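As structure tokens, the structure follows; a few thoughts come after it.
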Protein chains: 2
Amino acid sequence: MTVSISVDAMGGDFGPKITVPASLNFLKSHPDASITLVGNQSTIKKFLKKPIESFDRLSIIHTTQFVTMDESPQSALKNKKSSSMRLAINLVKEGVADAIVSAGNTGALMATGRFVLRMLPGIDRPAIASFLPNQKGTSCMLDLGANADCTSHHLTQFAIMGSILSAVISKKKKPSVGLLNIGSESIKGNEVTKETYELLKKSHLNFYGNVEGNDIFKGTTDVVVCDGFVGNISLKTTEGLAKMFADFLGQEFKKNIGTKFLALFSLPVLKAFKKRLDPRRYNGAAFLGINGIVVKSHGSADAFSFEHALMTAYEEANSKMIAKISKQLKIDQKLI
Amino acid sequence: MTVSISVDAMGGDFGPKITVPASLNFLKSHPDASITLVGNQSTIKKFLKKPIESFDRLSIIHTTQFVTMDESPQSALKNKKSSSMRLAINLVKEGVADAIVSAGNTGALMATGRFVLRMLPGIDRPAIASFLPNQKGTSCMLDLGANADCTSHHLTQFAIMGSILSAVISKKKKPSVGLLNIGSESIKGNEVTKETYELLKKSHLNFYGNVEGNDIFKGTTDVVVCDGFVGNISLKTTEGLAKMFADFLGQEFKKNIGTKFLALFSLPVLKAFKKRLDPRRYNGAAFLGINGIVVKSHGSADAFSFEHALMTAYEEANSKMIAKISKQLKIDQKLI
């Protein structure tokens, strides 16, 4: 099959400067893919470097309207019906594109995606899912911030969707699913996790049981399920710690001439270390639960990073993720 | 004043082998302190190296009973009335000691401390508070796992207690208090944090507002308040990430002869880096809300680490922390 992706070319901190080169690079390595860039034609063309006609799997849909990064979801929905984001999402609705990728305003993308594409039957709320590096490879974690208050049924929906996402991205047949909690025994946690434990035990997923915070990076399970409040705090805590580590390490190496000299020689080692944890390689969060593939790139993504978001969208579309989620939701429909 | 500390000498993974040398070291640097070691006299004496009579601020209370690390709190309460932990807590109740330090069973220490010493008027549940390193110094975080389900009133109680703990340990007059949340605006978060925000705004604390996960290590506020579910997951997530960092860095330096050679030369830098983040320097969690000073050391603490737990207990007692908490609770009693 061929996979067609619509790109909100104006989204993110850098717009076409990033989204266009990333799209071109992506097309080179994916000969069965095509891309529609939605946005200001003249700006986009500036970054193409060659006439649009010379690209056979690339097209442009022109619009001058775009959603700003600080715009409210309500305003985007009401006032930006011709925005690059909205038109890019419309392409999925119309069946012209198999997936939409945007580095734009998260709230607006979530609200517009939900409004235009609707929710999957059985899913109450979309969840944000992303992959994180761990000691064994990667794990898929959700929800990372869309839903602060969740019931056990919401968490069960997240578990089903995360399990399918993990299967299609990590190519695992039956990904293990862990419920993020404060102890491994089934009686541990708050009321919601205790109820969720019982539901997941009854599900057809490969439910591992409860996992703790340190299990995320240990790689105990392929999927880690939690509500958006805990997920967001856990993720941001790791960002804060990673920054402190990097700063402290930098300060120690810059302490005096001797340590600066060492830093110079240690550079290849430090670079290799940094590469293993490079967040750009994990860019591309899935908005699961929407009836269509919507992938959110970090707003500050560079071209390398945005290309990874495109690859995530490609994998999700190519593996028919939405159909697989729908099927799994039917299997466990009594639990959700 | 003099500060008297009772030590559960048998607690922790190593018992007197660690608790005795740590106590001796602590007494050397704290000439106004005295310690009562509670536990098996003959084992304790083995690690004293000199006759007990030659120590003028050290005494032993003998008992052969002790709480095991995997014992249930209920069993410890019911069946271990002569345990080293129980007798050490009793000393605080009797006014013989100003604080109790144990590296033993967390649940048993919490339950026994609560049972023997009772709760402070106005406090429903004890919270676990600890200090974490951040980019500016340290911050006090609570609750780290005692209470999975909390109301806004519980969180307000935690904020008051954490603020006083931070003041007495960090010697700050009006420590800033942040509410851990998923956004900085007052309307962000779940129902409990939204309510808590309003309560803390009305309090007499130096309330900063909401803080996010990355603010913990940025050092945005002196105190970070959250429920025990989020606190425990956040803390364990950082433990997991720190371990992954250390392992990855180690693997990169061990890759080949060249990198191994570099590691040898980089050792002083890496050691300095490690020292800054050494968790042993932050050992000693306060069980706040109990009507008496109860400090919990990590079970696997070494003597250096256990000594830090003793120092924490000393500071809390020396600064009359319990009286200060009681006073602050009265000031804001309408909110708790």
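FYI, nothing fancy with the structure tokens labels: chains A, B, ... in order, residues from 1 per chain, ligands from 1 as they appear.
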
Sorted by chain and rising residue number, list the residues of chain B at most 7 Å from chain A (counting only C-alpha atoms), each with its closest atom pair and distance in Å to one decimal, as a tab-separated table.
```
residue	atom	partner	partner_atom	distance
B:Gln135	CA	A:Met244	CA	6.3
B:Ala148	CA	A:Asn190	CA	5.1
B:Asp149	CA	A:Asn190	CA	5.5
B:Ile182	CA	A:Asn232	CA	6.3
B:Gly189	CA	A:Ala148	CA	5.8
B:Asn190	CA	A:Ala148	CA	5.1
B:Glu212	CA	A:Ile233	CA	6.5
B:Gly213	CA	A:Thr237	CA	4.1
B:Asn214	CA	A:Gly240	CA	3.9
B:Asp215	CA	A:Gly240	CA	6.7
B:Ile216	CA	A:Thr237	CA	6.9
B:Phe217	CA	A:Gly240	CA	5.4
B:Lys218	CA	A:Gly240	CA	6.4
B:Phe229	CA	A:Ile182	CA	6.3
B:Val230	CA	A:Val230	CA	5.9
B:Asn232	CA	A:Ile182	CA	6.3
B:Ile233	CA	A:Gly213	CA	4.6
B:Ser234	CA	A:Ser234	CA	5.2
B:Lys236	CA	A:Gly213	CA	4.5
B:Thr237	CA	A:Gly213	CA	4.1
B:Thr238	CA	A:Thr238	CA	6.1
B:Glu239	CA	A:Asn214	CA	6.0
B:Gly240	CA	A:Asn214	CA	3.9
B:Leu241	CA	A:Phe217	CA	5.8
B:Met244	CA	A:Gln135	CA	6.3
B:Phe248	CA	A:Phe273	CA	6.5
B:Leu249	CA	A:Phe273	CA	6.0
B:Glu252	CA	A:Val269	CA	5.8
B:Phe253	CA	A:Val269	CA	6.4
B:Thr259	CA	A:Val269	CA	6.9
B:Leu262	CA	A:Ser266	CA	6.4
B:Ser266	CA	A:Leu262	CA	6.4
B:Val269	CA	A:Glu252	CA	5.9
B:Ala272	CA	A:Glu252	CA	6.9
B:Phe273	CA	A:Leu249	CA	6.0
```

Inset, instruction - If you run DSSP over the backbone, which residues in stretch 246-311 of chain B end up helix (DSSP H, G or I)? Put them as a ChimeraX atom specification. - result: /B:246-253,257-276,279-282,303-311

Please report, as a tab-separated table, each residue of stretch 12-89 of chain B lying at most 9 Å from stretch 307-322 of chain B, together with the nearest pair of atoms and the separation in Å rounded to one decimal; use only C-alpha atoms, and order rows by chain and ascending residue number.
```
residue	atom	partner	partner_atom	distance
B:Thr19	CA	B:Glu307	CA	8.2
B:Pro21	CA	B:Glu307	CA	8.7
B:Ala22	CA	B:Glu307	CA	5.0
B:Ser23	CA	B:Glu307	CA	6.6
B:Asn25	CA	B:Glu307	CA	7.3
B:Phe26	CA	B:Glu307	CA	5.9
B:His30	CA	B:Met311	CA	8.9
B:Ala33	CA	B:Tyr314	CA	7.9
```

Inset, instruction - Please provide the set of residues having any atom within 8 Å of stretch 291-293 of chain A, restricted to only C-alpha atoms, with same-chain residues fewer than 2 positions apart removed, written as a ChimeraX atom specification. - result: /A:92-93,98-100,114,117-120,286-289,295,313,316-317,322

Inset, instruction - Output as a PyMOL selection string all residues of stretch 160-262 of chain A that backbone DSSP marks as strand (DSSP E or B). - result: chain A and resi 176-180+206-211+223-225

Residue selection dump (N, CA, C and O atoms) as a PDB file, in the first residue's frame:
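The new file part18.pdb reads:
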```
ATOM      1  N   SER A 176       3.515  -6.314  26.757  1.00  0.00           N
ATOM      2  CA  SER A 176       3.104  -6.387  28.161  1.00  0.00           C
ATOM      3  C   SER A 176       2.642  -5.012  28.621  1.00  0.00           C
ATOM      4  O   SER A 176       3.202  -3.985  28.240  1.00  0.00           O
ATOM      5  N   VAL A 177       1.597  -5.007  29.424  1.00  0.00           N
ATOM      6  CA  VAL A 177       1.003  -3.747  29.888  1.00  0.00           C
ATOM      7  C   VAL A 177       1.136  -3.644  31.405  1.00  0.00           C
ATOM      8  O   VAL A 177       0.728  -4.557  32.134  1.00  0.00           O
ATOM      9  N   GLY A 178       1.715  -2.544  31.881  1.00  0.00           N
ATOM     10  CA  GLY A 178       1.840  -2.318  33.321  1.00  0.00           C
ATOM     11  C   GLY A 178       0.979  -1.144  33.751  1.00  0.00           C
ATOM     12  O   GLY A 178       0.823  -0.171  33.026  1.00  0.00           O
ATOM     13  N   LEU A 179       0.400  -1.269  34.944  1.00  0.00           N
ATOM     14  CA  LEU A 179      -0.406  -0.170  35.505  1.00  0.00           C
ATOM     15  C   LEU A 179       0.483   0.588  36.489  1.00  0.00           C
ATOM     16  O   LEU A 179       0.972  -0.004  37.469  1.00  0.00           O
ATOM     17  N   LEU A 180       0.728   1.872  36.221  1.00  0.00           N
ATOM     18  CA  LEU A 180       1.640   2.645  37.077  1.00  0.00           C
ATOM     19  C   LEU A 180       1.011   2.841  38.446  1.00  0.00           C
ATOM     20  O   LEU A 180      -0.100   3.347  38.566  1.00  0.00           O
ATOM     21  N   ASN A 206      -2.053  -8.480  27.488  1.00  0.00           N
ATOM     22  CA  ASN A 206      -0.977  -9.163  28.207  1.00  0.00           C
ATOM     23  C   ASN A 206      -0.647  -8.314  29.440  1.00  0.00           C
ATOM     24  O   ASN A 206       0.344  -7.615  29.486  1.00  0.00           O
ATOM     25  N   PHE A 207      -1.562  -8.383  30.443  1.00  0.00           N
ATOM     26  CA  PHE A 207      -1.445  -7.522  31.622  1.00  0.00           C
ATOM     27  C   PHE A 207      -0.407  -8.078  32.595  1.00  0.00           C
ATOM     28  O   PHE A 207      -0.548  -9.179  33.113  1.00  0.00           O
ATOM     29  N   TYR A 208       0.627  -7.274  32.844  1.00  0.00           N
ATOM     30  CA  TYR A 208       1.716  -7.686  33.723  1.00  0.00           C
ATOM     31  C   TYR A 208       1.346  -7.499  35.186  1.00  0.00           C
ATOM     32  O   TYR A 208       1.764  -8.239  36.062  1.00  0.00           O
ATOM     33  N   GLY A 209       0.572  -6.445  35.469  1.00  0.00           N
ATOM     34  CA  GLY A 209       0.243  -6.079  36.854  1.00  0.00           C
ATOM     35  C   GLY A 209       0.686  -4.659  37.126  1.00  0.00           C
ATOM     36  O   GLY A 209       0.920  -3.891  36.197  1.00  0.00           O
ATOM     37  N   ASN A 210       0.816  -4.326  38.391  1.00  0.00           N
ATOM     38  CA  ASN A 210       1.274  -2.987  38.750  1.00  0.00           C
ATOM     39  C   ASN A 210       2.765  -2.813  38.486  1.00  0.00           C
ATOM     40  O   ASN A 210       3.544  -3.749  38.676  1.00  0.00           O
ATOM     41  N   VAL A 211       3.145  -1.630  38.060  1.00  0.00           N
ATOM     42  CA  VAL A 211       4.567  -1.290  37.977  1.00  0.00           C
ATOM     43  C   VAL A 211       4.776   0.002  38.770  1.00  0.00           C
ATOM     44  O   VAL A 211       3.841   0.777  38.969  1.00  0.00           O
ATOM     45  N   VAL A 223       4.268  -1.328  27.822  1.00  0.00           N
ATOM     46  CA  VAL A 223       3.315  -0.223  27.932  1.00  0.00           C
ATOM     47  C   VAL A 223       3.162   0.148  29.406  1.00  0.00           C
ATOM     48  O   VAL A 223       3.126  -0.740  30.268  1.00  0.00           O
ATOM     49  N   VAL A 224       3.118   1.440  29.697  1.00  0.00           N
ATOM     50  CA  VAL A 224       2.881   1.918  31.063  1.00  0.00           C
ATOM     51  C   VAL A 224       1.629   2.800  31.022  1.00  0.00           C
ATOM     52  O   VAL A 224       1.592   3.797  30.302  1.00  0.00           O
ATOM     53  N   VAL A 225       0.617   2.412  31.790  1.00  0.00           N
ATOM     54  CA  VAL A 225      -0.666   3.127  31.774  1.00  0.00           C
ATOM     55  C   VAL A 225      -0.860   3.935  33.061  1.00  0.00           C
ATOM     56  O   VAL A 225      -0.612   3.425  34.153  1.00  0.00           O
TER      57      VAL A 225
END
```

Inset, instruction - Measuring atom to atom with only C-alpha atoms, identify which of B:Lys174, B:His154, B:Arg57, B:Lys334 is nearest to B:Leu142. - result: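 Of all the options, B:His154 lies closest to B:Leu142.
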
Inset, instruction - Name all residues at most 10 Å from B:Leu37 (count only C-alpha atoms; drop same-chain ones fewer than 4 positions away) and give them as an MDAnalysis selection string. - result: chainID B and resid 5:10 16 19:20 23 41 44 58:62 84 88

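Residues in contact with A:Pro279 at 10 Å, where only C-alpha atoms are counted and same-chain residues fewer than 6 positions away are skipped, are listed as Phe131, Leu132, Pro133, Glu239, His298, Ala301 and Ser305 of chain A.
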
Keeping all heavy atoms for every residue in the selection just given, could you write it to a file as a PDB file, in the first residue's frame?
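Final output, saved to result-v9.pdb:
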```pdb
ATOM      1  N   PHE A 131       6.660   7.339  23.263  1.00  0.00           N
ATOM      2  CA  PHE A 131       7.648   6.319  23.589  1.00  0.00           C
ATOM      3  C   PHE A 131       8.813   6.946  24.352  1.00  0.00           C
ATOM      4  O   PHE A 131       9.221   8.075  24.058  1.00  0.00           O
ATOM      5  CB  PHE A 131       8.149   5.629  22.316  1.00  0.00           C
ATOM      6  CG  PHE A 131       7.153   4.654  21.772  1.00  0.00           C
ATOM      7  CD1 PHE A 131       6.087   5.104  20.993  1.00  0.00           C
ATOM      8  CD2 PHE A 131       7.234   3.300  22.081  1.00  0.00           C
ATOM      9  CE1 PHE A 131       5.132   4.208  20.518  1.00  0.00           C
ATOM     10  CE2 PHE A 131       6.285   2.407  21.607  1.00  0.00           C
ATOM     11  CZ  PHE A 131       5.235   2.857  20.821  1.00  0.00           C
ATOM     12  N   LEU A 132       9.310   6.210  25.324  1.00  0.00           N
ATOM     13  CA  LEU A 132      10.443   6.681  26.129  1.00  0.00           C
ATOM     14  C   LEU A 132      11.541   5.637  26.061  1.00  0.00           C
ATOM     15  O   LEU A 132      11.251   4.440  26.009  1.00  0.00           O
ATOM     16  CB  LEU A 132      10.024   6.840  27.592  1.00  0.00           C
ATOM     17  CG  LEU A 132       8.940   7.865  27.918  1.00  0.00           C
ATOM     18  CD1 LEU A 132       8.522   7.720  29.377  1.00  0.00           C
ATOM     19  CD2 LEU A 132       9.469   9.272  27.668  1.00  0.00           C
ATOM     20  N   PRO A 133      12.801   6.063  26.092  1.00  0.00           N
ATOM     21  CA  PRO A 133      13.876   5.073  26.113  1.00  0.00           C
ATOM     22  C   PRO A 133      13.926   4.399  27.484  1.00  0.00           C
ATOM     23  O   PRO A 133      13.605   5.029  28.493  1.00  0.00           O
ATOM     24  CB  PRO A 133      15.139   5.920  25.896  1.00  0.00           C
ATOM     25  CG  PRO A 133      14.787   7.276  26.419  1.00  0.00           C
ATOM     26  CD  PRO A 133      13.315   7.445  26.186  1.00  0.00           C
ATOM     27  N   GLU A 239      12.252  15.162  32.740  1.00  0.00           N
ATOM     28  CA  GLU A 239      12.868  16.230  31.950  1.00  0.00           C
ATOM     29  C   GLU A 239      13.718  17.125  32.856  1.00  0.00           C
ATOM     30  O   GLU A 239      14.831  17.509  32.515  1.00  0.00           O
ATOM     31  CB  GLU A 239      11.790  17.078  31.259  1.00  0.00           C
ATOM     32  CG  GLU A 239      11.167  16.408  30.043  1.00  0.00           C
ATOM     33  CD  GLU A 239       9.973  17.180  29.470  1.00  0.00           C
ATOM     34  OE1 GLU A 239       9.809  18.370  29.822  1.00  0.00           O
ATOM     35  OE2 GLU A 239       9.232  16.598  28.685  1.00  0.00           O
ATOM     36  N   HIS A 298       6.835  17.726  18.960  1.00  0.00           N
ATOM     37  CA  HIS A 298       7.223  18.820  19.850  1.00  0.00           C
ATOM     38  C   HIS A 298       7.215  20.125  19.061  1.00  0.00           C
ATOM     39  O   HIS A 298       7.643  20.149  17.902  1.00  0.00           O
ATOM     40  CB  HIS A 298       8.641  18.599  20.388  1.00  0.00           C
ATOM     41  CG  HIS A 298       8.644  17.935  21.716  1.00  0.00           C
ATOM     42  ND1 HIS A 298       8.261  18.563  22.864  1.00  0.00           N
ATOM     43  CD2 HIS A 298       8.987  16.677  22.073  1.00  0.00           C
ATOM     44  CE1 HIS A 298       8.366  17.736  23.886  1.00  0.00           C
ATOM     45  NE2 HIS A 298       8.790  16.567  23.432  1.00  0.00           N
ATOM     46  N   ALA A 301      10.666  21.124  17.773  1.00  0.00           N
ATOM     47  CA  ALA A 301      11.376  20.071  17.030  1.00  0.00           C
ATOM     48  C   ALA A 301      12.236  20.648  15.906  1.00  0.00           C
ATOM     49  O   ALA A 301      11.838  21.602  15.238  1.00  0.00           O
ATOM     50  CB  ALA A 301      10.363  19.088  16.451  1.00  0.00           C
ATOM     51  N   SER A 305      14.086  15.692  14.224  1.00  0.00           N
ATOM     52  CA  SER A 305      13.052  15.324  15.184  1.00  0.00           C
ATOM     53  C   SER A 305      11.677  15.224  14.511  1.00  0.00           C
ATOM     54  O   SER A 305      10.927  14.269  14.732  1.00  0.00           O
ATOM     55  CB  SER A 305      13.051  16.378  16.289  1.00  0.00           C
ATOM     56  OG  SER A 305      12.136  16.081  17.276  1.00  0.00           O
TER      57      SER A 305
END
```
